[in-house]
$ cat model32.txt   # compact mmCIF, C-alpha atoms and all ligand atoms
# COMPACT_ATOMS: atom_id res chain seq x y z
CA MET A 118 16.95 19.76 -26.30
CA PHE A 119 15.16 18.49 -23.22
CA ASP A 120 18.31 18.92 -21.16
CA HIS A 121 16.41 19.10 -17.89
CA LEU A 122 14.30 15.99 -18.48
CA LEU A 123 17.41 14.09 -19.55
CA ALA A 124 19.66 15.32 -16.75
CA PRO A 125 20.74 12.81 -14.09
CA ASN A 126 19.01 13.32 -10.77
CA ARG A 127 18.82 12.04 -7.21
CA VAL A 128 15.95 10.61 -5.20
CA GLY A 129 16.81 9.72 -1.60
CA GLN A 130 20.14 7.87 -1.86
CA LEU A 131 19.54 6.82 -5.46
CA GLU A 132 21.33 8.21 -8.50
CA LEU A 133 18.91 8.39 -11.43
CA PRO A 134 20.17 8.41 -15.03
CA ASN A 135 17.51 10.97 -16.05
CA SER A 136 14.67 13.01 -14.56
CA VAL A 137 11.74 11.22 -16.20
CA VAL A 138 9.61 9.18 -13.79
CA MET A 139 7.06 6.56 -14.80
CA ALA A 140 3.77 7.17 -12.99
CA PRO A 141 1.95 4.54 -10.95
CA LEU A 142 -0.56 3.02 -13.36
CA THR A 143 -3.16 0.50 -12.25
CA ARG A 144 -3.41 -2.09 -15.04
CA MET A 145 -5.43 -4.82 -13.27
CA ARG A 146 -3.36 -7.69 -14.62
CA ALA A 147 -2.33 -9.51 -11.43
CA SER A 148 -3.90 -12.87 -10.56
CA ALA A 149 -7.18 -13.02 -8.60
CA ASP A 150 -5.00 -13.40 -5.49
CA GLY A 151 -3.09 -10.21 -6.23
CA VAL A 152 0.07 -11.99 -7.41
CA MET A 153 2.24 -10.60 -10.22
CA GLY A 154 3.86 -12.91 -12.79
CA PRO A 155 6.20 -13.02 -15.82
CA LEU A 156 3.96 -10.85 -18.03
CA ASN A 157 4.02 -8.05 -15.46
CA ALA A 158 7.79 -8.43 -15.14
CA ASP A 159 8.16 -8.01 -18.92
CA TYR A 160 5.96 -4.91 -18.88
CA TYR A 161 8.01 -3.16 -16.22
CA ALA A 162 11.39 -4.31 -17.60
CA GLN A 163 10.45 -2.84 -20.99
CA ARG A 164 10.15 0.54 -19.24
CA ALA A 165 13.37 0.29 -17.19
CA SER A 166 15.01 3.25 -18.97
CA ALA A 167 12.79 5.60 -16.96
CA GLY A 168 14.83 7.48 -14.37
CA LEU A 169 12.56 5.85 -11.80
CA ILE A 170 9.51 3.61 -12.15
CA VAL A 171 6.73 3.91 -9.59
CA ALA A 172 4.84 0.64 -9.95
CA GLU A 173 1.05 0.65 -9.78
CA GLY A 174 -0.94 1.05 -6.57
CA ALA A 175 -0.75 -2.18 -4.57
CA PHE A 176 -2.97 -2.88 -1.57
CA PRO A 177 -1.20 -3.11 1.80
CA HIS A 178 -3.90 -5.44 3.15
CA HIS A 179 -6.81 -7.10 1.37
CA SER A 180 -9.30 -4.83 3.17
CA GLY A 181 -7.83 -1.97 1.12
CA LYS A 182 -8.20 -3.64 -2.28
CA SER A 183 -9.92 -1.40 -4.83
CA TYR A 184 -9.84 -3.24 -8.12
CA PRO A 185 -10.05 -6.80 -9.47
CA GLY A 186 -6.61 -7.80 -10.73
CA GLN A 187 -4.92 -5.30 -8.41
CA PRO A 188 -1.66 -6.63 -6.93
CA GLY A 189 -1.07 -6.84 -3.18
CA LEU A 190 1.87 -6.47 -0.78
CA GLU A 191 0.47 -8.72 1.90
CA THR A 192 1.13 -12.43 1.33
CA PRO A 193 4.35 -14.42 0.73
CA GLU A 194 3.07 -15.28 -2.77
CA GLN A 195 2.57 -11.60 -3.56
CA ILE A 196 6.10 -10.80 -2.36
CA GLU A 197 7.48 -13.63 -4.53
CA GLY A 198 5.55 -12.40 -7.56
CA TRP A 199 6.82 -8.86 -7.16
CA ARG A 200 10.38 -10.22 -6.95
CA LEU A 201 10.08 -11.31 -10.61
CA VAL A 202 9.25 -7.69 -11.44
CA THR A 203 12.00 -6.03 -9.40
CA ASP A 204 14.64 -8.53 -10.61
CA ALA A 205 13.66 -7.94 -14.24
CA VAL A 206 13.78 -4.15 -13.84
CA HIS A 207 17.11 -4.22 -12.03
CA GLU A 208 18.60 -6.57 -14.61
CA ALA A 209 17.53 -4.08 -17.28
CA GLY A 210 19.35 -1.32 -15.35
CA GLY A 211 16.29 0.38 -13.86
CA LEU A 212 15.12 1.56 -10.45
CA ILE A 213 11.65 0.82 -9.10
CA PHE A 214 9.44 1.97 -6.24
CA VAL A 215 5.93 0.64 -5.66
CA GLN A 216 2.90 2.67 -4.68
CA VAL A 217 1.27 1.51 -1.45
CA MET A 218 -2.41 2.19 -1.97
CA HIS A 219 -5.25 1.56 0.43
CA GLY A 220 -8.37 2.23 -1.63
CA GLY A 221 -10.57 3.36 1.26
CA ARG A 222 -14.17 3.92 0.18
CA ILE A 223 -13.41 3.33 -3.53
CA SER A 224 -14.20 -0.37 -3.55
CA HIS A 225 -17.00 -2.89 -3.22
CA PRO A 226 -17.64 -6.03 -1.09
CA ARG A 227 -17.50 -8.06 -4.30
CA ILE A 228 -13.92 -6.85 -4.87
CA ILE A 229 -12.62 -7.19 -1.30
CA PRO A 230 -11.70 -10.77 -0.33
CA GLY A 231 -14.16 -12.06 2.28
CA GLY A 232 -16.85 -9.66 1.07
CA LEU A 233 -15.80 -6.94 3.52
CA THR A 234 -17.40 -3.51 3.41
CA PRO A 235 -14.97 -0.80 2.25
CA VAL A 236 -13.67 1.43 5.06
CA ALA A 237 -13.18 5.19 5.19
CA PRO A 238 -12.58 7.97 7.73
CA SER A 239 -16.34 8.54 7.85
CA ALA A 240 -19.51 7.00 6.47
CA VAL A 241 -19.77 9.29 3.44
CA GLN A 242 -20.86 7.43 0.33
CA PRO A 243 -19.01 8.21 -2.89
CA GLU A 244 -20.85 8.70 -6.15
CA GLY A 245 -19.56 6.45 -8.86
CA LEU A 246 -19.48 2.90 -10.06
CA ALA A 247 -17.29 -0.08 -9.27
CA ARG A 248 -16.39 -2.22 -12.28
CA ILE A 249 -16.72 -5.90 -11.40
CA GLU A 250 -16.45 -8.59 -14.06
CA GLY A 251 -18.13 -6.55 -16.77
CA GLU A 252 -20.82 -5.22 -14.42
CA LYS A 253 -20.95 -1.66 -13.09
CA LEU A 254 -22.33 -1.41 -9.55
CA PRO A 255 -22.75 1.72 -7.38
CA LEU A 256 -19.96 2.30 -4.87
CA PRO A 257 -21.50 1.41 -1.50
CA MET A 258 -21.71 3.34 1.78
CA PRO A 259 -18.35 2.73 3.52
CA ARG A 260 -17.87 1.80 7.17
CA ALA A 261 -16.17 4.47 9.29
CA LEU A 262 -12.95 3.15 10.86
CA GLU A 263 -13.08 2.93 14.66
CA THR A 264 -10.40 4.93 16.46
CA ASP A 265 -8.70 1.79 17.76
CA GLU A 266 -8.52 0.36 14.23
CA LEU A 267 -6.40 3.26 12.97
CA VAL A 268 -3.19 1.90 14.46
CA GLU A 269 -3.90 -1.44 12.78
CA VAL A 270 -4.33 0.22 9.38
CA GLN A 271 -1.10 2.18 9.86
CA GLU A 272 0.62 -1.07 10.73
CA HIS A 273 -0.68 -2.53 7.44
CA TYR A 274 1.05 0.30 5.57
CA ALA A 275 4.31 -0.27 7.47
CA THR A 276 4.27 -4.06 7.06
CA ALA A 277 3.43 -3.78 3.36
CA SER A 278 6.30 -1.31 2.91
CA ALA A 279 8.70 -3.70 4.61
CA ASN A 280 7.33 -6.45 2.35
CA ALA A 281 8.04 -4.22 -0.66
CA ILE A 282 11.66 -3.89 0.38
CA GLU A 283 11.81 -7.67 0.88
CA ALA A 284 10.41 -8.03 -2.65
CA GLY A 285 13.35 -6.01 -3.98
CA PHE A 286 11.81 -2.56 -4.46
CA ASP A 287 14.12 0.45 -4.09
CA GLY A 288 11.45 2.25 -2.10
CA ILE A 289 7.73 2.93 -1.79
CA GLU A 290 5.33 5.75 -2.57
CA LEU A 291 2.40 6.34 -0.23
CA HIS A 292 -0.76 7.02 -2.22
CA SER A 293 -2.34 10.08 -0.63
CA ALA A 294 -3.99 11.30 -3.84
CA ASN A 295 -7.01 10.74 -6.09
CA GLY A 296 -9.66 10.05 -3.47
CA TYR A 297 -8.28 6.90 -1.84
CA LEU A 298 -7.94 6.33 1.92
CA LEU A 299 -5.18 8.81 2.85
CA HIS A 300 -6.72 11.52 0.67
CA GLU A 301 -10.10 10.84 2.32
CA PHE A 302 -8.52 11.69 5.66
CA LEU A 303 -7.22 15.01 4.25
CA SER A 304 -10.55 16.10 2.77
CA ASP A 305 -12.99 18.09 4.91
CA VAL A 306 -15.83 16.58 2.86
CA THR A 307 -14.99 12.90 3.48
CA ASN A 308 -13.42 13.26 6.94
CA LEU A 309 -16.07 14.15 9.54
CA ARG A 310 -14.25 12.56 12.49
CA ASP A 311 -14.20 14.10 15.95
CA ASP A 312 -11.62 11.81 17.63
CA GLY A 313 -8.49 13.86 17.00
CA TYR A 314 -8.16 12.60 13.40
CA GLY A 315 -10.52 15.17 11.89
CA THR A 316 -12.37 18.37 12.86
CA ASP A 317 -9.64 20.83 11.84
CA VAL A 318 -6.64 20.91 9.53
CA ASN A 319 -4.24 19.49 12.10
CA GLY A 320 -6.66 16.66 12.81
CA ARG A 321 -7.17 15.84 9.14
CA VAL A 322 -3.46 15.68 8.28
CA ARG A 323 -2.65 13.62 11.37
CA PHE A 324 -3.38 10.14 9.99
CA VAL A 325 -1.30 10.79 6.88
CA VAL A 326 1.67 12.27 8.77
CA GLU A 327 1.63 9.50 11.39
CA THR A 328 1.48 6.85 8.66
CA ALA A 329 4.38 8.41 6.73
CA LYS A 330 6.40 8.63 9.94
CA LEU A 331 5.77 5.00 10.85
CA VAL A 332 6.67 3.78 7.36
CA ALA A 333 9.80 5.96 7.32
CA GLU A 334 10.87 4.51 10.68
CA ARG A 335 10.29 0.98 9.35
CA ILE A 336 12.15 1.15 6.01
CA GLY A 337 14.12 4.44 6.13
CA ALA A 338 12.81 7.88 5.17
CA GLU A 339 15.09 8.02 2.11
CA ARG A 340 13.10 5.12 0.67
CA VAL A 341 9.67 6.73 1.16
CA GLY A 342 7.88 9.13 -1.18
CA ILE A 343 4.31 10.36 -1.04
CA ARG A 344 1.84 11.31 -3.77
CA ILE A 345 -0.68 14.09 -3.29
CA SER A 346 -3.22 15.76 -5.56
CA PRO A 347 -4.40 19.06 -4.07
CA GLY A 348 -7.86 20.04 -5.36
CA GLN A 349 -8.25 16.81 -7.36
CA ASN A 350 -11.82 15.67 -7.96
CA VAL A 351 -11.50 12.11 -9.28
CA ASN A 352 -13.26 9.32 -7.36
CA ASP A 353 -15.77 11.91 -6.09
CA ILE A 354 -13.22 13.49 -3.76
CA SER A 355 -13.51 17.20 -3.05
CA GLU A 356 -11.79 19.61 -0.69
CA THR A 357 -13.23 22.97 0.27
CA ASP A 358 -10.07 24.13 2.04
CA ALA A 359 -7.19 22.58 0.11
CA LEU A 360 -5.29 25.89 0.24
CA ASN A 361 -5.14 25.55 4.03
CA THR A 362 -4.74 21.80 4.25
CA TYR A 363 -1.73 21.20 2.03
CA PRO A 364 0.59 23.85 3.52
CA VAL A 365 0.02 22.30 6.98
CA LEU A 366 0.49 18.77 5.65
CA LEU A 367 3.73 19.70 3.86
CA GLU A 368 5.16 21.62 6.79
CA GLN A 369 4.71 18.49 8.92
CA LEU A 370 6.06 16.17 6.20
CA ASN A 371 9.14 18.42 5.85
CA GLU A 372 10.21 17.17 9.28
CA LEU A 373 10.38 13.53 8.16
CA GLY A 374 13.16 13.68 5.54
CA LEU A 375 11.21 11.75 2.92
CA ALA A 376 12.71 10.96 -0.49
CA TYR A 377 10.16 13.06 -2.39
CA VAL A 378 6.70 14.49 -2.74
CA HIS A 379 4.98 13.58 -5.98
CA ALA A 380 2.36 16.20 -6.79
CA MET A 381 -0.32 16.17 -9.43
CA GLU A 382 -1.33 19.54 -10.82
CA SER A 383 -4.78 20.67 -9.64
CA PRO A 384 -7.63 20.59 -12.18
CA PRO A 385 -8.08 23.78 -14.23
CA ASP A 386 -11.37 24.73 -12.53
CA THR A 387 -9.67 25.26 -9.14
CA GLY A 388 -8.11 28.45 -10.55
CA TRP A 389 -4.81 27.80 -8.73
CA SER A 390 -1.79 25.58 -9.24
CA GLY A 391 -1.47 22.68 -6.83
CA LEU A 392 2.04 22.15 -8.11
CA ASP A 393 3.15 25.68 -7.24
CA LEU A 394 1.42 25.41 -3.87
CA VAL A 395 3.47 22.30 -3.11
CA ARG A 396 6.69 23.88 -4.34
CA GLU A 397 6.13 26.80 -2.00
CA HIS A 398 5.65 24.67 1.12
CA TRP A 399 7.71 21.51 0.48
CA THR A 400 11.47 21.86 0.95
CA GLY A 401 12.54 18.52 -0.53
CA THR A 402 12.58 16.83 -3.94
CA LEU A 403 9.44 17.41 -5.98
CA ILE A 404 8.15 15.20 -8.78
CA ALA A 405 5.48 16.86 -10.95
CA ASN A 406 2.67 15.15 -12.83
CA SER A 407 -0.26 16.46 -14.86
CA ASN A 408 -3.86 16.33 -13.69
CA PHE A 409 -5.44 14.15 -16.41
CA PHE A 410 -6.46 17.38 -18.26
CA THR A 411 -3.27 19.38 -18.70
CA ASP A 412 -1.11 17.63 -21.20
CA TRP A 413 2.52 18.69 -20.80
CA ASP A 414 4.47 17.44 -23.78
CA PRO A 415 8.22 16.89 -23.33
CA GLY A 416 8.98 20.50 -24.35
CA GLU A 417 6.58 21.85 -21.72
CA ALA A 418 7.72 19.38 -19.08
CA ASP A 419 11.33 20.35 -19.73
CA LYS A 420 10.43 24.03 -19.36
CA LEU A 421 8.64 23.27 -16.11
CA LEU A 422 11.88 21.83 -14.73
CA ALA A 423 13.95 24.65 -16.25
CA ASP A 424 11.69 27.17 -14.50
CA GLY A 425 12.32 25.42 -11.19
CA ARG A 426 8.67 24.45 -10.67
CA ALA A 427 9.70 20.83 -9.94
CA ASP A 428 12.81 18.62 -9.89
CA LEU A 429 11.58 15.63 -11.90
CA TYR A 430 8.67 15.08 -14.27
CA CYS A 431 6.40 12.06 -14.24
CA TYR A 432 4.57 10.62 -17.27
CA GLY A 433 1.66 8.19 -17.05
CA ARG A 434 -0.17 7.47 -20.28
CA ARG A 435 2.85 8.21 -22.49
CA PHE A 436 4.73 5.41 -20.68
CA ILE A 437 1.89 2.99 -21.33
CA SER A 438 2.30 3.35 -25.09
CA ASN A 439 6.01 4.25 -25.30
CA PRO A 440 8.14 1.74 -23.37
CA ASP A 441 11.24 3.58 -24.64
CA LEU A 442 9.84 7.02 -23.80
CA VAL A 443 13.17 8.39 -22.57
CA GLU A 444 14.93 7.33 -25.78
CA ARG A 445 12.17 8.91 -27.85
CA ILE A 446 12.51 12.14 -25.90
CA ARG A 447 16.27 12.08 -26.46
CA LEU A 448 15.81 11.66 -30.21
CA GLY A 449 12.78 13.95 -30.49
CA ALA A 450 10.98 10.96 -32.02
CA GLU A 451 7.23 10.70 -32.47
CA LEU A 452 5.25 9.26 -29.58
CA THR A 453 2.67 6.47 -29.92
CA GLU A 454 -0.83 7.29 -28.63
CA SER A 455 -2.17 5.06 -25.86
CA ASP A 456 -5.38 3.09 -26.26
CA ALA A 457 -7.68 3.52 -23.26
CA LYS A 458 -9.63 0.35 -24.14
CA THR A 459 -6.71 -1.81 -22.97
CA PHE A 460 -5.78 0.20 -19.86
CA TYR A 461 -7.53 -2.04 -17.36
CA GLY A 462 -7.41 -5.83 -17.30
CA GLY A 463 -6.68 -8.32 -20.06
CA GLY A 464 -3.34 -9.72 -21.12
CA ALA A 465 -0.42 -8.73 -23.32
CA GLU A 466 -2.48 -6.65 -25.74
CA GLY A 467 -2.03 -2.96 -24.97
CA TYR A 468 0.39 -3.96 -22.20
CA THR A 469 3.62 -5.51 -23.49
CA ASP A 470 3.03 -5.15 -27.24
CA TYR A 471 3.63 -1.42 -27.74
CA PRO A 472 6.58 -1.02 -30.12
CA THR A 473 9.95 0.52 -29.34
CA LEU A 474 11.86 2.48 -31.99
CA THR A 475 14.33 -0.37 -32.43
CA ALA A 476 11.75 -3.16 -32.33
CA PRO A 477 8.67 -1.96 -34.22
CA ALA A 478 5.51 -4.06 -33.71
C1 LIG B 501 -4.68 3.49 -16.61
C2 LIG B 501 -4.36 4.43 -15.48
C3 LIG B 501 -4.11 3.90 -14.23
C4 LIG B 501 -3.74 4.74 -13.17
N1 LIG B 501 -3.44 4.20 -11.95
C5 LIG B 501 -2.95 4.99 -10.96
C6 LIG B 501 -2.48 4.43 -9.73
O1 LIG B 501 -2.44 3.21 -9.51
N2 LIG B 501 -2.03 5.31 -8.79
C7 LIG B 501 -2.01 6.67 -8.99
O2 LIG B 501 -1.58 7.41 -8.11
N3 LIG B 501 -2.43 7.19 -10.15
C8 LIG B 501 -2.88 6.41 -11.15
N4 LIG B 501 -3.23 6.96 -12.34
C9 LIG B 501 -2.95 8.38 -12.60
C10 LIG B 501 -1.58 8.50 -13.29
O3 LIG B 501 -0.54 8.11 -12.40
C11 LIG B 501 -1.32 9.94 -13.75
O4 LIG B 501 -1.41 10.79 -12.64
C12 LIG B 501 -2.32 10.38 -14.81
O5 LIG B 501 -2.42 9.44 -15.84
C13 LIG B 501 -1.92 11.75 -15.40
O6 LIG B 501 -0.62 11.67 -15.99
P1 LIG B 501 -0.47 11.58 -17.61
O7 LIG B 501 -1.19 12.78 -18.19
O8 LIG B 501 1.00 11.64 -17.86
O9 LIG B 501 -1.10 10.30 -18.05
C14 LIG B 501 -3.65 6.14 -13.39
C15 LIG B 501 -3.94 6.67 -14.67
C16 LIG B 501 -4.26 5.83 -15.70
C17 LIG B 501 -4.50 6.43 -17.09

$ encode --input "model32.txt" --output "structure tokens"
Amino acid sequence: MFDHLLAPNRVGQLELPNSVVMAPLTRMRASADGVMGPLNADYYAQRASAGLIVAEGAFPHHSGKSYPGQPGLETPEQIEGWRLVTDAVHEAGGLIFVQVMHGGRISHPRIIPGGLTPVAPSAVQPEGLARIEGEKLPLPMPRALETDELVEVQEHYATASANAIEAGFDGIELHSANGYLLHEFLSDVTNLRDDGYGTDVNGRVRFVVETAKLVAERIGAERVGIRISPGQNVNDISETDALNTYPVLLEQLNELGLAYVHAMESPPDTGWSGLDLVREHWTGTLIANSNFFTDWDPGEADKLLADGRADLYCYGRRFISNPDLVERIRLGAELTESDAKTFYGGGAEGYTDYPTLTAPA
């Protein structure tokens, strides 16, 4: 049973003991300065039996911070804090990437250190609310990045990725999904630029491809993955021509020799499969994830791999509540449901206190 999920696999130069990936999951439990500590190290070490962990979205520079309690990859203290995490995971026999996430327009001056206005490809205001210390405030109008700032932002991605390697990560995943900065460049609704970084498909994919190339040059392409979510509508993102955009993006990314593309399935109302679209145009390793709505249980995820629709399968919420998810899959054991009330912020509750089969709560 579940032979495909449990089969060893390869990502870049890494040999993985199984094909189950832990999704990047923002948990908002770093310090106010974006520094991880022993509790975070415990949380990730508990989940080290995943074939590969992709740690939660971390901001490359404070101007790209999206959430209170989000960790960063910018300061020496943040690098030190992450080292506790990577050491703990490696000691437990695991492998760990970190997601480099610039939040773009999904933020608020009260979240960004120094009270900075969130930035985006264009001044297009998202609908939605920012959660700040128990309050919910409308997401503000972002400031459009100037053309000469783009190189600086790309440099933030590259420096943060080098910092991640210094912190002991096995690689990084660029977050180009779910309505954050890189995805905002891809979308024809949020990218209205006319400076060569917008206007048509080639213009809109340019910032993402250039960033991936720079990061790959800095830390090695085999240590760089990228996450995309064609047709996704979270964080008020929308794309009217995703079916044109993603083939062009993937054809250009194919040239870079990246470790993987991590694709989320498109929402049911698109009427097409983002996952199959990616499989058709991406020649490298493909990690599949659901779309928040489709719920592929281990049997379905195993079939997806058996059918050749992806190479590895990534679980998010099931890893929150089942630290020993891979062992449970192996044994066909029951899975614990996750509790959404403790997803974001707080301490050990709903974070490090989910039981394993051998150590019930
Ligand atoms: C609490 C929570 C935090 C998340 N944080 C991130 C994140 O930091 N980066 C990201 O790309 N996706 C994030 N996601 C999306 C998940 O990675 C995943 O795509 C989603 O949960 C669907 O997979 P699942 O059905 O296995 O949970 C988050 C989802 C949840 C529930």

$ closest_residue --input "model32.txt" --among "A:Ala277, A:Ala175, A:Leu299, A:Leu421" --to "Arg222 of chain A" --atoms "only C-alpha atoms"
A:Leu299

$ residues_near_ligand --input "model32.txt" --ligand "ligand LIG 501 (chain B)" --cutoff "6 Å" --atoms "only C-alpha atoms and all ligand atoms" --output "PyMOL selection string"
chain A and resi 140-144+173-174+292+406-409+412+432-434+460

$ atom_distance --input "model32.txt" --atom1 "atom CA of Asp204 of chain A" --atom2 "atom CA of Pro155 of chain A"
10.9 Å

$ residues_around --input "model32.txt" --residues "Ala376 of chain A" --least-positions-apart "6" --cutoff "6 Å" --atoms "all atoms listed in the file" --output "PyMOL selection string"
chain A and resi 128-129+339-342

$ residues_around --input "model32.txt" --residues "Gly210 of chain A" --least-positions-apart "3" --cutoff "7 Å" --atoms "only C-alpha atoms" --output "PDB file with C-alpha atoms, keeping the file's coordinate frame"
ATOM      1  CA  ALA A 165      13.370   0.290 -17.190  1.00  0.00           C
ATOM      2  CA  VAL A 206      13.780  -4.150 -13.840  1.00  0.00           C
ATOM      3  CA  HIS A 207      17.110  -4.220 -12.030  1.00  0.00           C
TER       4      HIS A 207
END

$ closest_residue --input "model32.txt" --among "A:Glu250, A:Glu417, A:Glu208, A:Asp287" --to "His121 of chain A" --atoms "all atoms listed in the file"
A:Glu417

$ atom_distance --input "model32.txt" --atom1 "atom CA of Leu131 of chain A" --atom2 "atom CA of Val217 of chain A"
19.4 Å

$ atom_distance --input "model32.txt" --atom1 "atom CA of Val443 of chain A" --atom2 "atom CA of Val137 of chain A"
7.1 Å

$ closest_residue --input "model32.txt" --among "A:Gly220, A:Gly245, A:Pro235, A:Pro226" --to "Gln187 of chain A" --atoms "all atoms listed in the file"
A:Gly220

$ residues_around --input "model32.txt" --residues "Gln242 of chain A" --least-positions-apart "5" --cutoff "12 Å" --atoms "all atoms listed in the file" --output "list of chain:residue names"
A:Gly221, A:Arg222, A:Ile223, A:Ser224, A:His225, A:Thr234, A:Pro235, A:Val236, A:Ala237, A:Pro255, A:Leu256, A:Pro257, A:Met258, A:Pro259, A:Arg260, A:Ala261, A:Glu301, A:Val306, A:Thr307, A:Asn308, A:Asn352, A:Asp353, A:Ile354

$ residues_around --input "model32.txt" --residues "Met118 of chain A" --least-positions-apart "5" --cutoff "10 Å" --atoms "only C-alpha atoms" --output "PyMOL selection string"
chain A and resi 123+415-416+419+446-449

$ closest_residue --input "model32.txt" --among "A:Arg127, A:Glu382, A:Arg426, A:Gly296" --to "Pro243 of chain A" --atoms "all atoms listed in the file"
A:Gly296

$ residues_around --input "model32.txt" --residues "Ile289 of chain A" --least-positions-apart "3" --cutoff "6 Å" --atoms "only C-alpha atoms" --output "count of residues only"
4

$ closest_residue --input "model32.txt" --among "A:Asn361, A:Ser166, A:Thr453, A:Thr411" --to "Asn135 of chain A" --atoms "only C-alpha atoms"
A:Ser166

$ residues_near_point --input "model32.txt" --point "(-1.6, 15.7, 7.7)" --cutoff "8 Å" --atoms "all atoms listed in the file" --output "VMD selection string"
chain A and resid 303 318 to 327 362 to 363 365 to 367 369 to 370

$ write_last_selection --input "model32.txt" --atoms "C-alpha atoms" --output "mmCIF file, in the frame of the given file"
data_model
loop_
_atom_site.group_PDB
_atom_site.id
_atom_site.type_symbol
_atom_site.label_atom_id
_atom_site.label_comp_id
_atom_site.auth_asym_id
_atom_site.auth_seq_id
_atom_site.Cartn_x
_atom_site.Cartn_y
_atom_site.Cartn_z
ATOM 1 C CA LEU A 303 -7.220 15.010 4.250
ATOM 2 C CA VAL A 318 -6.640 20.910 9.530
ATOM 3 C CA ASN A 319 -4.240 19.490 12.100
ATOM 4 C CA GLY A 320 -6.660 16.660 12.810
ATOM 5 C CA ARG A 321 -7.170 15.840 9.140
ATOM 6 C CA VAL A 322 -3.460 15.680 8.280
ATOM 7 C CA ARG A 323 -2.650 13.620 11.370
ATOM 8 C CA PHE A 324 -3.380 10.140 9.990
ATOM 9 C CA VAL A 325 -1.300 10.790 6.880
ATOM 10 C CA VAL A 326 1.670 12.270 8.770
ATOM 11 C CA GLU A 327 1.630 9.500 11.390
ATOM 12 C CA THR A 362 -4.740 21.800 4.250
ATOM 13 C CA TYR A 363 -1.730 21.200 2.030
ATOM 14 C CA VAL A 365 0.020 22.300 6.980
ATOM 15 C CA LEU A 366 0.490 18.770 5.650
ATOM 16 C CA LEU A 367 3.730 19.700 3.860
ATOM 17 C CA GLN A 369 4.710 18.490 8.920
ATOM 18 C CA LEU A 370 6.060 16.170 6.200
#

$ closest_residue --input "model32.txt" --among "A:Lys458, A:Phe176, A:Asp424, A:Ile437" --to "Tyr471 of chain A" --atoms "all atoms listed in the file"
A:Ile437

$ residues_near_point --input "model32.txt" --point "(7.7, -9.0, 1.0)" --cutoff "8 Å" --atoms "all atoms listed in the file" --output "PDB file with C-alpha atoms, in the coordinates of the input"
ATOM      1  CA  LEU A 190       1.870  -6.470  -0.780  1.00  0.00           C
ATOM      2  CA  GLU A 191       0.470  -8.720   1.900  1.00  0.00           C
ATOM      3  CA  THR A 192       1.130 -12.430   1.330  1.00  0.00           C
ATOM      4  CA  PRO A 193       4.350 -14.420   0.730  1.00  0.00           C
ATOM      5  CA  GLN A 195       2.570 -11.600  -3.560  1.00  0.00           C
ATOM      6  CA  ILE A 196       6.100 -10.800  -2.360  1.00  0.00           C
ATOM      7  CA  GLU A 197       7.480 -13.630  -4.530  1.00  0.00           C
ATOM      8  CA  ALA A 277       3.430  -3.780   3.360  1.00  0.00           C
ATOM      9  CA  ALA A 279       8.700  -3.700   4.610  1.00  0.00           C
ATOM     10  CA  ASN A 280       7.330  -6.450   2.350  1.00  0.00           C
ATOM     11  CA  ALA A 281       8.040  -4.220  -0.660  1.00  0.00           C
ATOM     12  CA  ILE A 282      11.660  -3.890   0.380  1.00  0.00           C
ATOM     13  CA  GLU A 283      11.810  -7.670   0.880  1.00  0.00           C
ATOM     14  CA  ALA A 284      10.410  -8.030  -2.650  1.00  0.00           C
TER      15      ALA A 284
END

$ build_atoms --input "model32.txt" --residues "segment 334-343 of chain A" --atoms "N, CA and C atoms" --output "mmCIF file, keeping the file's coordinate frame"
data_model
loop_
_atom_site.group_PDB
_atom_site.id
_atom_site.type_symbol
_atom_site.label_atom_id
_atom_site.label_comp_id
_atom_site.auth_asym_id
_atom_site.auth_seq_id
_atom_site.Cartn_x
_atom_site.Cartn_y
_atom_site.Cartn_z
ATOM 1 N N GLU A 334 10.109 5.167 9.604
ATOM 2 C CA GLU A 334 10.870 4.510 10.680
ATOM 3 C C GLU A 334 11.145 3.041 10.325
ATOM 4 N N ARG A 335 10.169 2.410 9.659
ATOM 5 C CA ARG A 335 10.290 0.980 9.350
ATOM 6 C C ARG A 335 11.300 0.701 8.239
ATOM 7 N N ILE A 336 11.281 1.503 7.162
ATOM 8 C CA ILE A 336 12.150 1.150 6.010
ATOM 9 C C ILE A 336 13.182 2.231 5.676
ATOM 10 N N GLY A 337 13.182 3.352 6.417
ATOM 11 C CA GLY A 337 14.120 4.440 6.130
ATOM 12 C C GLY A 337 13.446 5.534 5.320
ATOM 13 N N ALA A 338 13.514 6.764 5.818
ATOM 14 C CA ALA A 338 12.810 7.880 5.170
ATOM 15 C C ALA A 338 13.284 8.094 3.738
ATOM 16 N N GLU A 339 14.556 7.779 3.467
ATOM 17 C CA GLU A 339 15.090 8.020 2.110
ATOM 18 C C GLU A 339 14.487 7.052 1.101
ATOM 19 N N ARG A 340 13.738 6.066 1.589
ATOM 20 C CA ARG A 340 13.100 5.120 0.670
ATOM 21 C C ARG A 340 11.579 5.338 0.585
ATOM 22 N N VAL A 341 11.117 6.480 1.125
ATOM 23 C CA VAL A 341 9.670 6.730 1.160
ATOM 24 C C VAL A 341 9.337 8.044 0.445
ATOM 25 N N GLY A 342 8.455 7.946 -0.555
ATOM 26 C CA GLY A 342 7.880 9.130 -1.180
ATOM 27 C C GLY A 342 6.392 9.173 -0.893
ATOM 28 N N ILE A 343 5.754 10.273 -1.250
ATOM 29 C CA ILE A 343 4.310 10.360 -1.040
ATOM 30 C C ILE A 343 3.690 11.126 -2.200
#
